[in-house]
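For reference, the structure is listed below as structure tokens.
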Amino acid sequence: MSLTFHWFLPTNGDSRHVVGGGHGTPATVSGRDRPPTVAYLSQIAKAAEDLGFVGALTPTGAWCEDAWLTTAMVSQHTERLKFLVAFRPGFVSPTLAAQMASTFQRQSGGRLLLNVVTGGESHEQRAYGDFLDKDARYRRTGEFLEVVRGLWKGRTIDLEGEHLRVEDARLARLPDPVPEVYFGGSSPIAGEVAARYADVYLTWGEPPAQVAEKIAWIRGLAAKEGRTLRFGIRLHVITRDTSEQAWAEANRLLDGFDPETVESVQAGLGRSESEGQQRMLALHGGRRDALEIHPNLWAGIGLVRGGAGTALVGSHDEVAARIREYAALGIEEFVLSGYPHLEEAYWFGEGVLPRLAAEGVWRHPFARAGVPSAQVPFAS
């Protein structure tokens, strides 16, 4: 089995400092350092493609550029990289979403993956005209995916649900291949939806023991539905030739966190309805000390950023070891990012991936096409 790695497109802007925001909080001013132009995002995407990342995640929300439009444009500047497009099912009809995905597949050469984000912040949802509460949003997501998956199979769909209603819905052209659905969530109802409809369950970067509990939970729910899922994890990464260099970079980022910004972001995230976000906050408690919550797992990013708030920090060998630790639990896909995203893609792609290749747990996904591989000799 070869592990799968994805990178991240910072459609909220990029910087040599952490760009905060998300989960109802605005992007910090550092996001203006490198605006998310198509040219810059394409630079990142092409680098990720060459290094051996399979896909790139884009976020969704008021704090960033629209994921559908941005990835559609960036896809025209790349050849093989897939796009893990985050979208919220309450903002578009399921029939239109199924059609959009089908069009994206044809125009990109089958390079669409879907990250379904139900939305954990009611105040942000209301800004888009969505006034359902959190549990109702998850129930609507289940109805949405029921319609979309049926349409992708070529069925004619009639549904009169609690939140959605469609009649005689069908697609004139089916997506080929059918996009895989990535889904995350820590609440009981989120687990039920994931078990029924997801292909890949994503968790944020909690310590291995907590990740193992989540995997067991979702596996049990999926088994009741007669299904099996793959598992992925969302993490930042700071990897260098030596551990000392990596931690120096982490401390440099930490030194750039303005206390007032930390306080403001933490207050905003503290109001989050997302159980996953609350689990992230609990890892650091808003404090700057004791941020290494597991060997090489650093919770500092979460002081100023919503969503994924932990990073793997260490030498290339140490980061590779932590990846193997998560893989041993059942994690097959790693969605990574780092500041700035262009340079950090190279640090990881040229430092960690060759080690994982040498250990037989990763191979360059485009090697058969004659693409230069990251599997190059390295000094141990």
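Starting from 1 in every chain, residues are counted up; chains themselves are A, B, ... following the order of the structure tokens, and ligands are numbered from 1 as listed.
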> Any idea what's packed within 6 Å of Phe87 (chain A), counting only C-alpha atoms, ignoring anything in its chain fewer than 5 positions away? Could you give it as a PyMOL selection string?
Replying inline: chain A and resi 60+116-117
> If we count only C-alpha atoms, what is near Gly24 (chain A) at a cut-off of 12 Å, once residues fewer than 6 positions away on the same chain are taken out, given as a ChimeraX atom specification?
Replying inline: /A:60-64,119-127,264-274,277,305-307
> Leaving out region 152-157 of chain A and any residue of its chain fewer than 5 positions from it, which residues lie within 10 Å of it when counting only C-alpha atoms, given as JSON, numbers by chain?
Replying inline: {"A": [95, 98, 99, 101, 102, 146, 147, 165, 166, 167, 168, 169, 170, 171, 172, 173, 174, 175, 176, 177, 178, 179]}
> Using only C-alpha atoms, which residues sit within 7 Å of Leu336 (chain A) once same-chain residues fewer than 3 positions away are excluded, as a PyMOL selection string?
Replying inline: chain A and resi 6-8+234-237
>> Please compute the CA of Phe5 (chain A)-CA of Trp347 (chain A) distance, one decimal, in Å.
In response: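 Pair CA of Phe5 (chain A) / CA of Trp347 (chain A) returns 14.0 Å.
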> region 61-168 of chain A: which residues are helix (DSSP H, G or I) by DSSP, as JSON, numbers by chain?
Replying inline: {"A": [67, 68, 69, 70, 71, 72, 73, 74, 75, 89, 90, 91, 94, 95, 96, 97, 98, 99, 100, 101, 102, 103, 104, 105, 106, 107, 108, 122, 123, 124, 125, 126, 127, 134, 135, 136, 137, 138, 139, 140, 141, 142, 143, 144, 145, 146, 147, 148, 149, 150, 151, 152]}
>> Among region 18-264 of chain A, which ones does DSSP assign to strand (DSSP E or B) (computed from the backbone)? Answer as a VMD selection string.
In response: chain A and resid 21 to 22 25 34 55 to 58 82 to 87 112 to 116 157 to 160 165 to 169 181 to 184 200 to 204 230 to 240
Serialized selection, N, CA and C atoms, as a short mmCIF file (atom, residue, chain, number, x, y, z; two decimals), in the first residue's frame:
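Contents of again-v4.cif, as written:
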```cif
data_model
loop_
_atom_site.label_atom_id
_atom_site.label_comp_id
_atom_site.auth_asym_id
_atom_site.auth_seq_id
_atom_site.Cartn_x
_atom_site.Cartn_y
_atom_site.Cartn_z
N GLY A 21 -7.51 32.81 10.62
CA GLY A 21 -8.87 32.96 10.13
C GLY A 21 -9.58 31.62 10.07
N GLY A 22 -10.78 31.63 9.50
CA GLY A 22 -11.56 30.41 9.35
C GLY A 22 -12.49 30.19 10.52
N THR A 25 -14.01 33.38 11.67
CA THR A 25 -13.09 34.49 11.95
C THR A 25 -12.42 34.92 10.64
N ARG A 34 1.05 37.53 0.26
CA ARG A 34 1.04 36.89 -1.05
C ARG A 34 -0.43 36.67 -1.43
N GLY A 55 -3.31 15.50 -4.73
CA GLY A 55 -4.32 16.54 -4.85
C GLY A 55 -3.99 17.72 -3.98
N ALA A 56 -4.87 18.74 -4.04
CA ALA A 56 -4.70 19.93 -3.21
C ALA A 56 -6.06 20.36 -2.70
N LEU A 57 -6.15 20.55 -1.38
CA LEU A 57 -7.39 20.98 -0.74
C LEU A 57 -7.54 22.49 -0.86
N THR A 58 -8.77 22.94 -1.10
CA THR A 58 -9.08 24.36 -1.01
C THR A 58 -10.14 24.55 0.07
N LYS A 82 -5.03 16.67 -8.66
CA LYS A 82 -6.46 16.71 -8.40
C LYS A 82 -6.78 17.86 -7.43
N PHE A 83 -8.04 18.23 -7.38
CA PHE A 83 -8.46 19.35 -6.54
C PHE A 83 -9.54 18.89 -5.59
N LEU A 84 -9.22 18.96 -4.30
CA LEU A 84 -10.15 18.58 -3.24
C LEU A 84 -10.94 19.82 -2.87
N VAL A 85 -12.06 20.01 -3.56
CA VAL A 85 -12.84 21.24 -3.48
C VAL A 85 -13.79 21.18 -2.29
N ALA A 86 -13.59 22.08 -1.35
CA ALA A 86 -14.49 22.16 -0.20
C ALA A 86 -15.73 22.97 -0.57
N PHE A 87 -16.90 22.45 -0.24
CA PHE A 87 -18.12 23.20 -0.52
C PHE A 87 -19.18 22.85 0.52
N LEU A 112 -11.35 15.97 -10.05
CA LEU A 112 -12.12 16.56 -8.95
C LEU A 112 -12.31 15.56 -7.81
N LEU A 113 -12.06 16.04 -6.59
CA LEU A 113 -12.43 15.36 -5.35
C LEU A 113 -13.30 16.36 -4.58
N LEU A 114 -14.24 15.87 -3.79
CA LEU A 114 -15.16 16.76 -3.09
C LEU A 114 -15.02 16.64 -1.58
N ASN A 115 -14.78 17.77 -0.92
CA ASN A 115 -14.74 17.83 0.53
C ASN A 115 -16.04 18.48 1.00
N VAL A 116 -16.97 17.68 1.50
CA VAL A 116 -18.28 18.18 1.91
C VAL A 116 -18.18 18.78 3.31
N ILE A 157 -34.06 10.70 -9.87
CA ILE A 157 -34.26 10.83 -8.43
C ILE A 157 -35.51 11.67 -8.13
N ASP A 158 -36.35 11.12 -7.29
CA ASP A 158 -37.45 11.85 -6.67
C ASP A 158 -37.26 11.76 -5.16
N LEU A 159 -37.20 12.90 -4.51
CA LEU A 159 -37.00 12.91 -3.06
C LEU A 159 -37.84 14.02 -2.44
N GLU A 160 -38.58 13.67 -1.44
CA GLU A 160 -39.28 14.66 -0.63
C GLU A 160 -38.82 14.46 0.80
N ARG A 165 -36.22 18.81 -1.63
CA ARG A 165 -37.22 18.17 -2.47
C ARG A 165 -36.81 18.32 -3.93
N VAL A 166 -36.72 17.20 -4.63
CA VAL A 166 -36.45 17.22 -6.07
C VAL A 166 -37.41 16.25 -6.75
N GLU A 167 -37.76 16.56 -7.97
CA GLU A 167 -38.65 15.70 -8.75
C GLU A 167 -38.04 15.46 -10.12
N ASP A 168 -38.02 14.21 -10.53
CA ASP A 168 -37.57 13.82 -11.86
C ASP A 168 -36.17 14.37 -12.16
N ALA A 169 -35.29 14.32 -11.15
CA ALA A 169 -33.93 14.83 -11.33
C ALA A 169 -33.05 13.79 -11.99
N VAL A 181 -15.91 11.38 -2.27
CA VAL A 181 -16.43 12.31 -1.28
C VAL A 181 -15.61 12.20 0.00
N TYR A 182 -15.04 13.33 0.43
CA TYR A 182 -14.30 13.44 1.69
C TYR A 182 -15.20 14.16 2.68
N PHE A 183 -15.17 13.71 3.92
CA PHE A 183 -16.13 14.24 4.89
C PHE A 183 -15.51 14.15 6.28
N GLY A 184 -15.74 15.19 7.10
CA GLY A 184 -15.26 15.18 8.47
C GLY A 184 -16.34 15.63 9.42
N VAL A 200 -13.95 8.89 2.09
CA VAL A 200 -12.81 9.13 2.97
C VAL A 200 -13.27 9.97 4.15
N TYR A 201 -13.02 9.50 5.36
CA TYR A 201 -13.32 10.28 6.56
C TYR A 201 -12.06 11.04 6.95
N LEU A 202 -12.19 12.37 7.07
CA LEU A 202 -11.06 13.22 7.43
C LEU A 202 -11.15 13.66 8.89
N THR A 203 -10.05 13.60 9.58
CA THR A 203 -9.96 14.13 10.93
C THR A 203 -8.86 15.17 10.99
N TRP A 204 -9.01 16.15 11.87
CA TRP A 204 -7.92 17.08 12.10
C TRP A 204 -6.84 16.39 12.93
N ARG A 230 -12.05 4.82 3.79
CA ARG A 230 -10.65 5.13 4.01
C ARG A 230 -10.57 6.30 5.00
N PHE A 231 -9.38 6.51 5.55
CA PHE A 231 -9.22 7.55 6.56
C PHE A 231 -8.07 8.48 6.20
N GLY A 232 -8.30 9.78 6.43
CA GLY A 232 -7.29 10.78 6.17
C GLY A 232 -7.15 11.73 7.34
N ILE A 233 -6.06 12.48 7.35
CA ILE A 233 -5.80 13.43 8.43
C ILE A 233 -5.31 14.74 7.85
N ARG A 234 -5.72 15.84 8.46
CA ARG A 234 -5.38 17.19 8.01
C ARG A 234 -4.39 17.80 9.00
N LEU A 235 -3.19 18.12 8.52
CA LEU A 235 -2.11 18.63 9.36
C LEU A 235 -1.32 19.70 8.63
N HIS A 236 -0.71 20.60 9.39
CA HIS A 236 0.35 21.45 8.87
C HIS A 236 1.68 20.72 9.08
N VAL A 237 2.72 21.25 8.47
CA VAL A 237 4.00 20.57 8.61
C VAL A 237 5.13 21.59 8.57
N ILE A 238 6.11 21.39 9.45
CA ILE A 238 7.35 22.17 9.46
C ILE A 238 8.48 21.15 9.56
N THR A 239 9.13 20.86 8.45
CA THR A 239 10.17 19.83 8.43
C THR A 239 11.46 20.42 7.87
N ARG A 240 12.56 20.10 8.53
CA ARG A 240 13.87 20.64 8.14
C ARG A 240 14.91 19.53 8.23
#
```
>> Taking 2 positions as the minimum chain separation for residues in the same chain, which residues sit within 7 Å of region 217-224 of chain A when counting only C-alpha atoms? Answer as a PyMOL selection string.
In response: chain A and resi 191-192+195-196+213-215+226-228
>> Excluding Ala321 (chain A) and its own-chain neighbours fewer than 4 positions away, which residues fall within 10 Å of it when counting only C-alpha atoms? Please give them as a ChimeraX atom specification.
In response: /A:296,314-317,325-327,352,355-356
For the residues in that selection, give me C-alpha atoms as a PDB file, in the first residue's frame.
```pdb
ATOM      1  CA  ASN A 296       6.633  16.325  17.074  1.00  0.00           C
ATOM      2  CA  GLY A 314      10.864  18.033  13.355  1.00  0.00           C
ATOM      3  CA  SER A 315      13.635  16.669  11.220  1.00  0.00           C
ATOM      4  CA  HIS A 316      12.695  14.849   8.040  1.00  0.00           C
ATOM      5  CA  ASP A 317      13.298  11.537   9.808  1.00  0.00           C
ATOM      6  CA  GLU A 325       2.722   6.214  13.415  1.00  0.00           C
ATOM      7  CA  TYR A 326      -0.542   7.613  12.048  1.00  0.00           C
ATOM      8  CA  ALA A 327      -0.448   5.175   9.132  1.00  0.00           C
ATOM      9  CA  VAL A 352      10.262  13.505   3.819  1.00  0.00           C
ATOM     10  CA  ARG A 355      12.487   8.685   3.128  1.00  0.00           C
ATOM     11  CA  LEU A 356       8.987   7.246   2.955  1.00  0.00           C
TER      12      LEU A 356
END
```
> Between A:Val19, A:Ala345, A:Ala357, A:Val74, which has the minimum distance to Tyr40 (chain A) (counting only C-alpha atoms)?
Replying inline: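 Of A:Val19, A:Ala345, A:Ala357, A:Val74, the one nearest Tyr40 (chain A), counting only C-alpha atoms, is A:Val74.
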